$ cat start22.txt   # compact mmCIF, C-alpha atoms
# COMPACT_ATOMS: atom_id res chain seq x y z
CA MET A 119 153.40 87.39 -252.48
CA THR A 120 156.27 89.60 -253.63
CA LEU A 121 155.04 92.85 -255.15
CA THR A 122 156.69 95.17 -257.62
CA ARG A 123 156.98 98.80 -256.66
CA LYS A 124 153.90 99.52 -258.73
CA GLY A 125 152.09 96.62 -257.09
CA GLN A 126 152.95 97.95 -253.65
CA ALA A 127 151.59 101.37 -254.59
CA THR A 128 148.32 99.83 -255.78
CA ARG A 129 148.02 97.74 -252.63
CA GLU A 130 148.62 100.85 -250.53
CA ARG A 131 145.99 102.77 -252.49
CA ILE A 132 143.45 100.01 -251.82
CA LEU A 133 144.26 100.01 -248.10
CA GLU A 134 143.99 103.77 -247.84
CA ALA A 135 140.60 103.76 -249.55
CA ALA A 136 139.39 100.92 -247.33
CA ALA A 137 140.60 102.59 -244.10
CA GLU A 138 138.83 105.82 -244.99
CA LEU A 139 135.59 104.08 -245.89
CA ILE A 140 135.63 102.01 -242.69
CA ALA A 141 136.35 105.07 -240.55
CA HIS A 142 133.27 106.75 -241.96
CA ARG A 143 130.83 103.90 -242.54
CA GLY A 144 132.01 101.05 -240.36
CA VAL A 145 132.99 97.59 -241.56
CA ALA A 146 129.42 96.47 -242.15
CA GLY A 147 128.68 99.56 -244.24
CA THR A 148 131.74 99.08 -246.46
CA SER A 149 131.58 96.57 -249.34
CA THR A 150 134.55 95.39 -251.38
CA GLU A 151 132.76 97.00 -254.32
CA ASP A 152 132.86 100.39 -252.50
CA VAL A 153 136.59 99.92 -251.91
CA ARG A 154 137.17 98.93 -255.53
CA LYS A 155 135.43 102.08 -256.78
CA ALA A 156 137.15 104.39 -254.27
CA ALA A 157 140.56 102.99 -255.21
CA GLY A 158 139.73 103.23 -258.93
CA ILE A 159 140.69 99.67 -259.83
CA SER A 160 139.04 96.63 -261.37
CA GLY A 161 137.48 93.74 -259.46
CA SER A 162 140.10 91.29 -260.64
CA GLN A 163 142.85 93.67 -259.51
CA LEU A 164 141.28 93.92 -256.05
CA TYR A 165 141.00 90.15 -255.88
CA HIS A 166 144.66 89.84 -256.86
CA TYR A 167 145.69 91.67 -253.68
CA PHE A 168 142.94 90.60 -251.27
CA ASP A 169 140.96 87.47 -251.96
CA SER A 170 138.24 88.22 -249.38
CA LYS A 171 136.76 91.12 -247.45
CA GLN A 172 138.20 89.58 -244.30
CA ALA A 173 141.73 89.58 -245.73
CA LEU A 174 141.28 93.23 -246.66
CA ILE A 175 140.01 94.23 -243.19
CA ARG A 176 142.91 92.40 -241.57
CA ALA A 177 145.41 94.23 -243.73
CA VAL A 178 143.74 97.56 -242.84
CA ILE A 179 144.15 96.82 -239.14
CA LEU A 180 147.76 95.68 -239.42
CA ARG A 181 148.62 98.76 -241.46
CA GLN A 182 147.39 100.94 -238.57
CA ALA A 183 149.87 99.23 -236.27
CA GLU A 184 152.64 100.97 -238.19
CA ALA A 185 150.72 104.20 -238.51
CA PRO A 186 151.14 107.04 -236.06
CA LEU A 187 148.70 107.38 -233.18
CA VAL A 188 147.14 110.43 -234.77
CA PRO A 189 145.61 109.88 -238.22
CA GLY A 190 146.93 112.14 -240.92
CA GLU A 191 149.98 113.20 -238.93
CA PRO A 192 153.48 112.40 -240.07
CA VAL A 193 155.04 109.71 -237.87
CA MET A 194 155.86 111.35 -234.57
CA GLY A 195 159.12 110.99 -232.72
CA PRO A 196 159.29 109.12 -229.42
CA LEU A 197 156.76 110.31 -226.82
CA ASP A 198 159.45 110.53 -224.16
CA SER A 199 158.93 113.93 -222.60
CA PHE A 200 156.00 115.84 -221.23
CA GLU A 201 156.32 118.27 -224.16
CA ALA A 202 156.21 115.41 -226.68
CA LEU A 203 153.09 113.99 -224.99
CA ARG A 204 151.45 117.40 -225.05
CA ALA A 205 152.32 117.86 -228.74
CA TRP A 206 150.80 114.44 -229.45
CA ALA A 207 147.60 115.34 -227.57
CA ASP A 208 147.43 118.73 -229.30
CA ALA A 209 147.82 117.09 -232.71
CA ALA A 210 144.96 114.71 -231.96
CA VAL A 211 142.67 117.55 -230.80
CA GLU A 212 143.64 119.66 -233.80
CA HIS A 213 142.84 116.78 -236.12
CA GLN A 214 139.34 116.59 -234.61
CA GLU A 215 138.93 120.37 -234.78
CA HIS A 216 140.04 120.48 -238.37
CA ASN A 217 137.46 117.81 -239.22
CA HIS A 218 134.72 119.37 -237.07
CA GLY A 219 134.70 116.29 -234.88
CA ARG A 220 134.44 113.97 -237.85
CA GLY A 221 138.07 112.89 -237.70
CA ASP A 222 138.60 109.32 -238.78
CA CYS A 223 139.23 106.71 -236.30
CA THR A 224 139.28 103.45 -238.20
CA LEU A 225 140.21 101.38 -235.19
CA THR A 226 137.61 102.88 -232.86
CA SER A 227 135.00 102.05 -235.50
CA LEU A 228 136.31 98.53 -235.78
CA ALA A 229 136.50 97.95 -232.04
CA GLY A 230 132.98 99.30 -231.57
CA GLU A 231 131.65 96.98 -234.22
CA LEU A 232 133.37 93.88 -232.90
CA GLY A 233 131.08 90.90 -232.42
CA PRO A 234 131.84 87.77 -230.40
CA ALA A 235 132.48 85.76 -233.57
CA ASP A 236 135.19 88.12 -234.81
CA ASP A 237 138.01 86.44 -232.94
CA GLN A 238 140.67 86.99 -235.57
CA LEU A 239 139.67 90.63 -235.96
CA ARG A 240 139.70 91.12 -232.20
CA GLU A 241 143.17 89.62 -231.91
CA ASP A 242 144.49 91.85 -234.68
CA LEU A 243 142.99 94.90 -232.96
CA CYS A 244 144.54 93.83 -229.65
CA ASN A 245 147.92 93.68 -231.31
CA VAL A 246 147.56 97.23 -232.60
CA PHE A 247 146.31 98.65 -229.31
CA GLU A 248 149.11 96.84 -227.49
CA ARG A 249 151.66 98.22 -229.90
CA TRP A 250 150.33 101.75 -229.39
CA GLN A 251 150.32 101.27 -225.65
CA SER A 252 153.91 100.08 -225.79
CA LEU A 253 154.94 103.21 -227.75
CA LEU A 254 153.49 105.29 -224.91
CA HIS A 255 154.99 102.95 -222.31
CA ASP A 256 158.48 103.25 -223.84
CA GLY A 257 158.29 107.02 -223.75
CA LEU A 258 157.12 107.09 -220.13
CA LYS A 259 159.86 104.63 -219.18
CA ALA A 260 162.50 106.93 -220.64
CA MET A 261 160.98 109.80 -218.65
CA ARG A 262 161.08 107.77 -215.44
CA GLU A 263 164.68 106.74 -216.09
CA ARG A 264 165.65 110.38 -216.52
CA GLY A 265 163.93 111.19 -213.24
CA GLU A 266 161.08 113.11 -214.92
CA LEU A 267 158.53 110.73 -213.40
CA ARG A 268 158.68 109.44 -209.84
CA ALA A 269 159.76 105.83 -209.31
CA GLU A 270 156.29 104.72 -208.17
CA ALA A 271 154.64 105.78 -211.46
CA ASP A 272 152.79 102.70 -212.82
CA LEU A 273 153.71 102.84 -216.50
CA ASP A 274 151.15 100.21 -217.57
CA GLU A 275 148.43 102.25 -215.92
CA LEU A 276 149.60 105.60 -217.26
CA SER A 277 150.02 104.38 -220.84
CA MET A 278 146.60 102.68 -220.75
CA ALA A 279 144.94 105.81 -219.35
CA LEU A 280 146.43 107.89 -222.19
CA LEU A 281 145.26 105.41 -224.82
CA ALA A 282 141.77 105.19 -223.29
CA ALA A 283 141.53 109.00 -223.25
CA LEU A 284 142.40 109.08 -226.96
CA GLN A 285 139.82 106.39 -227.79
CA GLY A 286 137.00 107.59 -225.52
CA GLY A 287 137.48 111.26 -226.32
CA GLY A 288 137.66 110.41 -230.02
CA LEU A 289 134.47 108.34 -229.87
CA LEU A 290 132.54 111.11 -228.09
CA SER A 291 133.96 113.79 -230.39
CA ARG A 292 132.91 111.83 -233.43
CA THR A 293 129.40 111.37 -232.05
CA LEU A 294 128.92 114.90 -230.70
CA ARG A 295 130.78 116.46 -233.68
CA THR A 296 132.99 118.70 -231.61
CA ALA A 297 136.59 118.40 -230.48
CA GLU A 298 135.69 119.28 -226.85
CA PRO A 299 135.39 115.71 -225.52
CA LEU A 300 138.84 114.80 -226.86
CA ARG A 301 140.30 118.04 -225.53
CA ALA A 302 138.86 117.33 -222.05
CA SER A 303 139.91 113.68 -221.98
CA MET A 304 143.48 114.37 -223.14
CA LYS A 305 143.85 117.23 -220.67
CA ALA A 306 142.74 114.99 -217.80
CA ALA A 307 145.02 112.12 -218.83
CA LEU A 308 148.04 114.43 -219.26
CA ALA A 309 147.34 116.00 -215.86
CA TYR A 310 147.36 112.51 -214.37
CA VAL A 311 150.77 111.78 -215.93
CA HIS A 312 151.97 115.20 -214.76
CA SER A 313 150.96 114.40 -211.19
CA PHE A 314 153.75 111.79 -211.15
CA MET A 315 156.45 114.32 -211.89
CA PRO A 316 158.88 114.77 -208.97
CA MET B 43 100.30 104.13 -228.77
CA THR B 44 98.96 103.38 -225.29
CA LEU B 45 100.04 99.98 -224.02
CA THR B 46 98.48 97.74 -221.43
CA ARG B 47 100.67 96.57 -218.57
CA LYS B 48 101.22 93.31 -220.42
CA GLY B 49 102.00 95.21 -223.60
CA GLN B 50 104.57 97.31 -221.77
CA ALA B 51 106.22 94.18 -220.42
CA THR B 52 106.44 92.68 -223.91
CA ARG B 53 107.86 95.91 -225.32
CA GLU B 54 110.44 95.98 -222.55
CA ARG B 55 111.38 92.34 -223.22
CA ILE B 56 111.94 93.16 -226.89
CA LEU B 57 114.13 96.16 -226.01
CA GLU B 58 116.19 94.17 -223.53
CA ALA B 59 116.80 91.43 -226.08
CA ALA B 60 117.72 93.98 -228.74
CA ALA B 61 120.10 95.91 -226.44
CA GLU B 62 121.92 92.73 -225.49
CA LEU B 63 122.26 91.55 -229.09
CA ILE B 64 123.53 94.95 -230.24
CA ALA B 65 126.05 95.14 -227.40
CA HIS B 66 127.52 91.82 -228.51
CA ARG B 67 127.10 91.85 -232.29
CA GLY B 68 126.69 95.46 -233.28
CA VAL B 69 123.71 96.93 -235.12
CA ALA B 70 124.72 95.49 -238.48
CA GLY B 71 125.06 92.01 -236.99
CA THR B 72 121.63 92.10 -235.37
CA SER B 73 118.54 91.35 -237.49
CA THR B 74 114.96 91.91 -236.38
CA GLU B 75 114.59 88.15 -236.77
CA ASP B 76 117.37 87.64 -234.17
CA VAL B 77 115.55 90.02 -231.82
CA ARG B 78 112.23 88.27 -232.40
CA LYS B 79 113.74 84.88 -231.52
CA ALA B 80 115.64 86.17 -228.46
CA ALA B 81 112.49 87.84 -227.12
CA GLY B 82 110.44 84.71 -227.85
CA ILE B 83 107.64 86.44 -229.76
CA SER B 84 106.06 86.25 -233.18
CA GLY B 85 106.92 88.44 -236.14
CA SER B 86 103.54 90.15 -236.11
CA GLN B 87 103.94 90.90 -232.40
CA LEU B 88 107.33 92.50 -233.05
CA TYR B 89 105.86 94.53 -235.89
CA HIS B 90 103.04 95.67 -233.59
CA TYR B 91 105.58 97.40 -231.32
CA PHE B 92 108.27 98.41 -233.81
CA ASP B 93 107.43 98.71 -237.47
CA SER B 94 111.06 98.88 -238.65
CA LYS B 95 114.55 98.00 -237.49
CA GLN B 96 115.28 101.71 -237.31
CA ALA B 97 112.37 102.31 -234.93
CA LEU B 98 113.63 99.48 -232.76
CA ILE B 99 117.23 100.80 -232.66
CA ARG B 100 115.96 104.27 -231.77
CA ALA B 101 113.93 102.89 -228.88
CA VAL B 102 116.97 100.96 -227.65
CA ILE B 103 119.02 104.16 -227.58
CA LEU B 104 116.33 106.22 -225.87
CA ARG B 105 115.86 103.51 -223.26
CA GLN B 106 119.55 103.82 -222.36
CA ALA B 107 119.03 107.49 -221.61
CA GLU B 108 116.96 106.48 -218.62
CA ALA B 109 119.26 103.62 -217.70
CA PRO B 110 122.06 104.04 -215.21
CA LEU B 111 125.57 104.76 -216.46
CA VAL B 112 126.74 101.28 -215.51
CA PRO B 113 124.90 98.44 -217.25
CA GLY B 114 123.32 95.92 -214.95
CA GLU B 115 123.54 98.16 -211.90
CA PRO B 116 120.46 99.41 -210.11
CA VAL B 117 119.94 103.12 -210.72
CA MET B 118 122.56 104.95 -208.72
CA GLY B 119 121.93 107.95 -206.52
CA PRO B 120 123.28 111.36 -207.48
CA LEU B 121 127.02 111.40 -208.19
CA ASP B 122 127.52 114.40 -205.93
CA SER B 123 130.47 113.44 -203.77
CA PHE B 124 133.91 112.03 -204.37
CA GLU B 125 132.79 108.79 -202.66
CA ALA B 126 129.76 108.50 -204.98
CA LEU B 127 132.00 109.02 -208.03
CA ARG B 128 134.40 106.41 -206.77
CA ALA B 129 131.56 103.94 -206.14
CA TRP B 130 130.31 104.59 -209.67
CA ALA B 131 133.78 103.96 -211.15
CA ASP B 132 134.21 100.83 -209.01
CA ALA B 133 130.85 99.48 -210.17
CA ALA B 134 131.85 99.98 -213.81
CA VAL B 135 135.19 98.22 -213.31
CA GLU B 136 133.54 95.39 -211.37
CA HIS B 137 131.02 94.95 -214.16
CA GLN B 138 133.90 94.51 -216.63
CA GLU B 139 135.73 92.16 -214.27
CA HIS B 140 132.66 90.07 -213.70
CA ASN B 141 132.22 89.73 -217.46
CA HIS B 142 135.95 89.15 -218.10
CA GLY B 143 136.09 92.34 -220.10
CA ARG B 144 133.08 91.37 -222.18
CA GLY B 145 130.71 93.72 -220.38
CA ASP B 146 128.05 95.13 -222.64
CA CYS B 147 128.23 98.57 -223.85
CA THR B 148 125.37 99.01 -226.26
CA LEU B 149 126.03 102.70 -226.81
CA THR B 150 129.76 102.32 -227.39
CA SER B 151 128.94 99.72 -230.05
CA LEU B 152 126.41 102.02 -231.63
CA ALA B 153 128.69 105.05 -231.59
CA GLY B 154 131.55 103.03 -233.07
CA GLU B 155 129.33 101.83 -235.88
CA LEU B 156 127.89 105.23 -236.79
CA GLY B 157 128.12 106.08 -240.44
CA PRO B 158 127.71 109.54 -241.96
CA ALA B 159 124.19 108.70 -243.14
CA ASP B 160 122.94 107.80 -239.67
CA ASP B 161 121.95 111.32 -238.74
CA GLN B 162 118.91 110.39 -236.68
CA LEU B 163 120.83 107.68 -234.86
CA ARG B 164 123.69 110.08 -234.17
CA GLU B 165 121.31 112.70 -232.77
CA ASP B 166 119.70 110.15 -230.49
CA LEU B 167 123.10 109.04 -229.26
CA CYS B 168 124.09 112.66 -228.66
CA ASN B 169 121.02 113.11 -226.50
CA VAL B 170 121.94 110.12 -224.37
CA PHE B 171 125.60 111.12 -223.98
CA GLU B 172 124.52 114.65 -223.14
CA ARG B 173 122.06 113.37 -220.58
CA TRP B 174 124.76 111.24 -218.97
CA GLN B 175 127.17 114.13 -219.02
CA SER B 176 124.57 116.32 -217.34
CA LEU B 177 124.08 113.73 -214.57
CA LEU B 178 127.82 113.95 -213.89
CA HIS B 179 127.76 117.73 -214.28
CA ASP B 180 124.92 118.09 -211.73
CA GLY B 181 126.82 116.03 -209.19
CA LEU B 182 130.03 118.03 -209.67
CA LYS B 183 128.08 121.28 -209.40
CA ALA B 184 126.67 120.21 -206.04
CA MET B 185 130.21 119.39 -204.91
CA ARG B 186 131.48 122.79 -206.01
CA GLU B 187 128.60 124.54 -204.27
CA ARG B 188 129.44 122.73 -201.04
CA GLY B 189 133.06 123.80 -201.43
CA GLU B 190 134.32 120.29 -202.21
CA LEU B 191 135.68 121.48 -205.54
CA ARG B 192 137.50 124.76 -206.07
CA ALA B 193 135.63 127.57 -207.81
CA GLU B 194 137.80 127.38 -210.95
CA ALA B 195 136.89 123.72 -211.63
CA ASP B 196 135.53 123.57 -215.21
CA LEU B 197 132.49 121.32 -214.78
CA ASP B 198 131.93 120.79 -218.52
CA GLU B 199 135.49 119.62 -218.87
CA LEU B 200 135.46 117.39 -215.78
CA SER B 201 132.16 115.72 -216.64
CA MET B 202 133.30 115.13 -220.23
CA ALA B 203 136.62 113.67 -219.08
CA LEU B 204 134.76 111.23 -216.80
CA LEU B 205 132.41 110.17 -219.58
CA ALA B 206 135.29 109.77 -222.07
CA ALA B 207 137.18 107.62 -219.54
CA LEU B 208 134.14 105.37 -219.18
CA GLN B 209 133.74 105.04 -222.95
CA GLY B 210 137.40 104.71 -223.90
CA GLY B 211 138.28 102.38 -221.03
CA GLY B 212 135.18 100.30 -221.82
CA LEU B 213 136.07 100.06 -225.50
CA LEU B 214 139.64 98.95 -224.77
CA SER B 215 138.49 96.53 -222.05
CA ARG B 216 136.02 94.94 -224.42
CA THR B 217 138.69 94.56 -227.12
CA LEU B 218 141.51 93.39 -224.85
CA ARG B 219 139.13 91.29 -222.68
CA THR B 220 140.41 92.59 -219.38
CA ALA B 221 139.12 95.20 -216.96
CA GLU B 222 142.55 96.88 -216.68
CA PRO B 223 142.02 99.60 -219.30
CA LEU B 224 138.78 100.73 -217.64
CA ARG B 225 140.41 100.59 -214.20
CA ALA B 226 143.30 102.76 -215.44
CA SER B 227 141.11 105.28 -217.27
CA MET B 228 138.69 105.73 -214.36
CA LYS B 229 141.53 106.10 -211.88
CA ALA B 230 143.12 108.81 -214.01
CA ALA B 231 139.84 110.69 -214.51
CA LEU B 232 138.96 110.54 -210.81
CA ALA B 233 142.44 111.76 -209.90
CA TYR B 234 141.88 114.70 -212.22
CA VAL B 235 138.60 115.56 -210.47
CA HIS B 236 140.34 115.10 -207.12
CA SER B 237 143.02 117.60 -208.11
CA PHE B 238 140.33 120.31 -207.99
CA MET B 239 139.51 119.67 -204.36
CA PRO B 240 140.45 122.57 -202.11
$ encode --input "start22.txt" --output "structure tokens"
Amino acid sequence: MTLTRKGQATRERILEAAAELIAHRGVAGTSTEDVRKAAGISGSQLYHYFDSKQALIRAVILRQAEAPLVPGEPVMGPLDSFEALRAWADAAVEHQEHNHGRGDCTLTSLAGELGPADDQLREDLCNVFERWQSLLHDGLKAMRERGELRAEADLDELSMALLAALQGGGLLSRTLRTAEPLRASMKAALAYVHSFMP
Amino acid sequence: MTLTRKGQATRERILEAAAELIAHRGVAGTSTEDVRKAAGISGSQLYHYFDSKQALIRAVILRQAEAPLVPGEPVMGPLDSFEALRAWADAAVEHQEHNHGRGDCTLTSLAGELGPADDQLREDLCNVFERWQSLLHDGLKAMRERGELRAEADLDELSMALLAALQGGGLLSRTLRTAEPLRASMKAALAYVHSFMP
């Protein structure tokens, strides 16, 4: 479907409203009617863009693939230095602090809610996590090529540890309503990366 | 309510069935009817033990507080040495491997699904996470007292980083259906603890 500029803006407004609702209430707790109201549009308009709840959820996930790793932040540059990684971690912790540990995390909500029957949803989530991991991986690779990480650094492992720290710290922060878990997990993961510096 | 031995066994069977269903389908995807069928009991029996879905979910959470940190494992001894921590991490990774990354994680599911209105649920989850953190904290404290960790080791931070690695690695493993994320996150967190050895 080709959309006019206005159509694209409406579609984006729907996706933003849906992402925010899902981050706070989960998929099961978010109805298309909730999304319609939050986006301030009519039912037939919503249906024009997304003909089912599933289509809407999918679009929310795929949109996150293009989004930065930290919600609410402008797209960050490449994470290809220790300073850039630290700035990324700091931005994530600040986001949690600013929201008193209630920072959104649409994808963590979605992944937590995943059932065995949600194969399409799971695949879409995999794609996003893999894309995020590859952003981290690319940055670490550039560091290793410049000699800022030792040759034996396992980039798959390091990028996965960073992503897991973001997800696990975010999940605990959201539950405990404090930024401390995310701060601790990011500090530990960064220290691990740092231990591979020459 | 005081239960006979047989009553306790039935209650436990209900909770086990509920925990397994929630781990795989989430809270929203699990009805009391599903639990009743999985436990092989009648509706009036279920109602005798838990008079609402909420009461059942609460009991599932509180039961996890007494459960070991790794599902399916016998209760582990105190995590008060680097070897014990490594054995704990290995058991968690093996559990994921054995289940091809589909290992249960009832609490991660629950925490992911939390909405803003679930205040009681959130508090119960906090209690469990805090109890788990304190198990880790106690072990690290014993290590520090024996001089196996340097005096400046921040035990709150280390225990939180370990717990976040377990949660984040578990969440990614469950989504990506491989034990690698959990392996990477636990390795990074243990290395961070190790960096505080004298």
$ interface_residues --input "start22.txt" --of "chain B" --to "chain A" --cutoff "7 Å" --atoms "only C-alpha atoms" --output "PDB file with C-alpha atoms, keeping the file's coordinate frame"
ATOM      1  CA  HIS B  66     127.520  91.820-228.510  1.00  0.00           C
ATOM      2  CA  ARG B  67     127.100  91.850-232.290  1.00  0.00           C
ATOM      3  CA  GLY B  68     126.690  95.460-233.280  1.00  0.00           C
ATOM      4  CA  ALA B  70     124.720  95.490-238.480  1.00  0.00           C
ATOM      5  CA  THR B 150     129.760 102.320-227.390  1.00  0.00           C
ATOM      6  CA  SER B 151     128.940  99.720-230.050  1.00  0.00           C
ATOM      7  CA  ALA B 153     128.690 105.050-231.590  1.00  0.00           C
ATOM      8  CA  GLY B 154     131.550 103.030-233.070  1.00  0.00           C
ATOM      9  CA  GLU B 155     129.330 101.830-235.880  1.00  0.00           C
ATOM     10  CA  LEU B 156     127.890 105.230-236.790  1.00  0.00           C
ATOM     11  CA  GLY B 157     128.120 106.080-240.440  1.00  0.00           C
ATOM     12  CA  PRO B 158     127.710 109.540-241.960  1.00  0.00           C
ATOM     13  CA  ARG B 164     123.690 110.080-234.170  1.00  0.00           C
ATOM     14  CA  CYS B 168     124.090 112.660-228.660  1.00  0.00           C
ATOM     15  CA  GLU B 199     135.490 119.620-218.870  1.00  0.00           C
ATOM     16  CA  MET B 202     133.300 115.130-220.230  1.00  0.00           C
ATOM     17  CA  ALA B 203     136.620 113.670-219.080  1.00  0.00           C
ATOM     18  CA  ALA B 206     135.290 109.770-222.070  1.00  0.00           C
ATOM     19  CA  ALA B 207     137.180 107.620-219.540  1.00  0.00           C
ATOM     20  CA  GLN B 209     133.740 105.040-222.950  1.00  0.00           C
ATOM     21  CA  GLY B 210     137.400 104.710-223.900  1.00  0.00           C
ATOM     22  CA  GLY B 211     138.280 102.380-221.030  1.00  0.00           C
ATOM     23  CA  LEU B 213     136.070 100.060-225.500  1.00  0.00           C
ATOM     24  CA  LEU B 214     139.640  98.950-224.770  1.00  0.00           C
ATOM     25  CA  THR B 217     138.690  94.560-227.120  1.00  0.00           C
ATOM     26  CA  LEU B 218     141.510  93.390-224.850  1.00  0.00           C
ATOM     27  CA  PRO B 223     142.020  99.600-219.300  1.00  0.00           C
ATOM     28  CA  ALA B 226     143.300 102.760-215.440  1.00  0.00           C
ATOM     29  CA  SER B 227     141.110 105.280-217.270  1.00  0.00           C
ATOM     30  CA  ALA B 230     143.120 108.810-214.010  1.00  0.00           C
ATOM     31  CA  ALA B 231     139.840 110.690-214.510  1.00  0.00           C
ATOM     32  CA  ALA B 233     142.440 111.760-209.900  1.00  0.00           C
ATOM     33  CA  TYR B 234     141.880 114.700-212.220  1.00  0.00           C
TER      34      TYR B 234
END
$ axis_aligned_box --input "start22.txt" --around "range 251-260 of chain A" --padding-each-side "8 Å" --output "lines of an AutoDock Vina configuration file"
center_x = 156.4
center_y = 103.6
center_z = -223.5
size_x = 28.2
size_y = 23.0
size_z = 24.6
$ residues_around --input "start22.txt" --residues "Arg268 in chain A" --least-positions-apart "2" --cutoff "9 Å" --atoms "all atoms listed in the file" --output "ChimeraX atom specification"
/A:262,265-266,270-271,314-316
$ closest_residue --input "start22.txt" --among "A:Val211, A:Ala183, A:Ala156, A:Met261" --to "Thr296 in chain A" --atoms "only C-alpha atoms"
A:Val211
$ atom_distance --input "start22.txt" --atom1 "CA of Gln238 in chain A" --atom2 "CA of Asn141 in chain B"
20.2 Å
$ closest_residue --input "start22.txt" --among "B:Tyr91, B:Thr46, B:Val102, B:Arg173" --to "Ala59 in chain B" --atoms "all atoms listed in the file"
B:Val102
$ residues_around --input "start22.txt" --residues "Leu98 in chain B" --least-positions-apart "2" --cutoff "12 Å" --atoms "only C-alpha atoms" --output "ChimeraX atom specification"
/B:53-54,56-61,64,69,72-74,77-78,88-96,100-105,163
$ write_last_selection --input "start22.txt" --atoms "C-alpha atoms" --output "PDB file, in the frame of the given file"
ATOM      1  CA  ARG B  53     107.860  95.910-225.320  1.00  0.00           C
ATOM      2  CA  GLU B  54     110.440  95.980-222.550  1.00  0.00           C
ATOM      3  CA  ILE B  56     111.940  93.160-226.890  1.00  0.00           C
ATOM      4  CA  LEU B  57     114.130  96.160-226.010  1.00  0.00           C
ATOM      5  CA  GLU B  58     116.190  94.170-223.530  1.00  0.00           C
ATOM      6  CA  ALA B  59     116.800  91.430-226.080  1.00  0.00           C
ATOM      7  CA  ALA B  60     117.720  93.980-228.740  1.00  0.00           C
ATOM      8  CA  ALA B  61     120.100  95.910-226.440  1.00  0.00           C
ATOM      9  CA  ILE B  64     123.530  94.950-230.240  1.00  0.00           C
ATOM     10  CA  VAL B  69     123.710  96.930-235.120  1.00  0.00           C
ATOM     11  CA  THR B  72     121.630  92.100-235.370  1.00  0.00           C
ATOM     12  CA  SER B  73     118.540  91.350-237.490  1.00  0.00           C
ATOM     13  CA  THR B  74     114.960  91.910-236.380  1.00  0.00           C
ATOM     14  CA  VAL B  77     115.550  90.020-231.820  1.00  0.00           C
ATOM     15  CA  ARG B  78     112.230  88.270-232.400  1.00  0.00           C
ATOM     16  CA  LEU B  88     107.330  92.500-233.050  1.00  0.00           C
ATOM     17  CA  TYR B  89     105.860  94.530-235.890  1.00  0.00           C
ATOM     18  CA  HIS B  90     103.040  95.670-233.590  1.00  0.00           C
ATOM     19  CA  TYR B  91     105.580  97.400-231.320  1.00  0.00           C
ATOM     20  CA  PHE B  92     108.270  98.410-233.810  1.00  0.00           C
ATOM     21  CA  ASP B  93     107.430  98.710-237.470  1.00  0.00           C
ATOM     22  CA  SER B  94     111.060  98.880-238.650  1.00  0.00           C
ATOM     23  CA  LYS B  95     114.550  98.000-237.490  1.00  0.00           C
ATOM     24  CA  GLN B  96     115.280 101.710-237.310  1.00  0.00           C
ATOM     25  CA  ARG B 100     115.960 104.270-231.770  1.00  0.00           C
ATOM     26  CA  ALA B 101     113.930 102.890-228.880  1.00  0.00           C
ATOM     27  CA  VAL B 102     116.970 100.960-227.650  1.00  0.00           C
ATOM     28  CA  ILE B 103     119.020 104.160-227.580  1.00  0.00           C
ATOM     29  CA  LEU B 104     116.330 106.220-225.870  1.00  0.00           C
ATOM     30  CA  ARG B 105     115.860 103.510-223.260  1.00  0.00           C
ATOM     31  CA  LEU B 163     120.830 107.680-234.860  1.00  0.00           C
TER      32      LEU B 163
END
$ atom_distance --input "start22.txt" --atom1 "CA of Lys259 in chain A" --atom2 "CA of Ser199 in chain A"
10.0 Å
$ atom_distance --input "start22.txt" --atom1 "CA of Gln50 in chain B" --atom2 "CA of Gln87 in chain B"
12.4 Å
$ closest_residue --input "start22.txt" --among "B:Ala51, B:Ile99, B:Ala133, B:Leu121" --to "Leu177 in chain B" --atoms "all atoms listed in the file"
B:Leu121
$ build_atoms --input "start22.txt" --residues "range 176-181 of chain A" --atoms "N, CA, C and O atoms" --output "PDB file, in the frame of the given file"
ATOM      1  N   ARG A 176     141.729  92.743-242.360  1.00  0.00           N
ATOM      2  CA  ARG A 176     142.910  92.400-241.570  1.00  0.00           C
ATOM      3  C   ARG A 176     144.091  93.276-241.943  1.00  0.00           C
ATOM      4  O   ARG A 176     144.815  93.774-241.086  1.00  0.00           O
ATOM      5  N   ALA A 177     144.278  93.433-243.259  1.00  0.00           N
ATOM      6  CA  ALA A 177     145.410  94.230-243.730  1.00  0.00           C
ATOM      7  C   ALA A 177     145.243  95.699-243.306  1.00  0.00           C
ATOM      8  O   ALA A 177     146.220  96.371-242.977  1.00  0.00           O
ATOM      9  N   VAL A 178     143.993  96.180-243.290  1.00  0.00           N
ATOM     10  CA  VAL A 178     143.740  97.560-242.840  1.00  0.00           C
ATOM     11  C   VAL A 178     144.171  97.720-241.394  1.00  0.00           C
ATOM     12  O   VAL A 178     144.833  98.689-241.015  1.00  0.00           O
ATOM     13  N   ILE A 179     143.803  96.743-240.566  1.00  0.00           N
ATOM     14  CA  ILE A 179     144.150  96.820-239.140  1.00  0.00           C
ATOM     15  C   ILE A 179     145.665  96.781-238.956  1.00  0.00           C
ATOM     16  O   ILE A 179     146.236  97.608-238.248  1.00  0.00           O
ATOM     17  N   LEU A 180     146.320  95.832-239.631  1.00  0.00           N
ATOM     18  CA  LEU A 180     147.760  95.680-239.420  1.00  0.00           C
ATOM     19  C   LEU A 180     148.514  96.913-239.912  1.00  0.00           C
ATOM     20  O   LEU A 180     149.523  97.297-239.334  1.00  0.00           O
ATOM     21  N   ARG A 181     147.994  97.534-240.956  1.00  0.00           N
ATOM     22  CA  ARG A 181     148.620  98.760-241.460  1.00  0.00           C
ATOM     23  C   ARG A 181     148.594  99.851-240.390  1.00  0.00           C
ATOM     24  O   ARG A 181     149.528 100.645-240.269  1.00  0.00           O
TER      25      ARG A 181
END
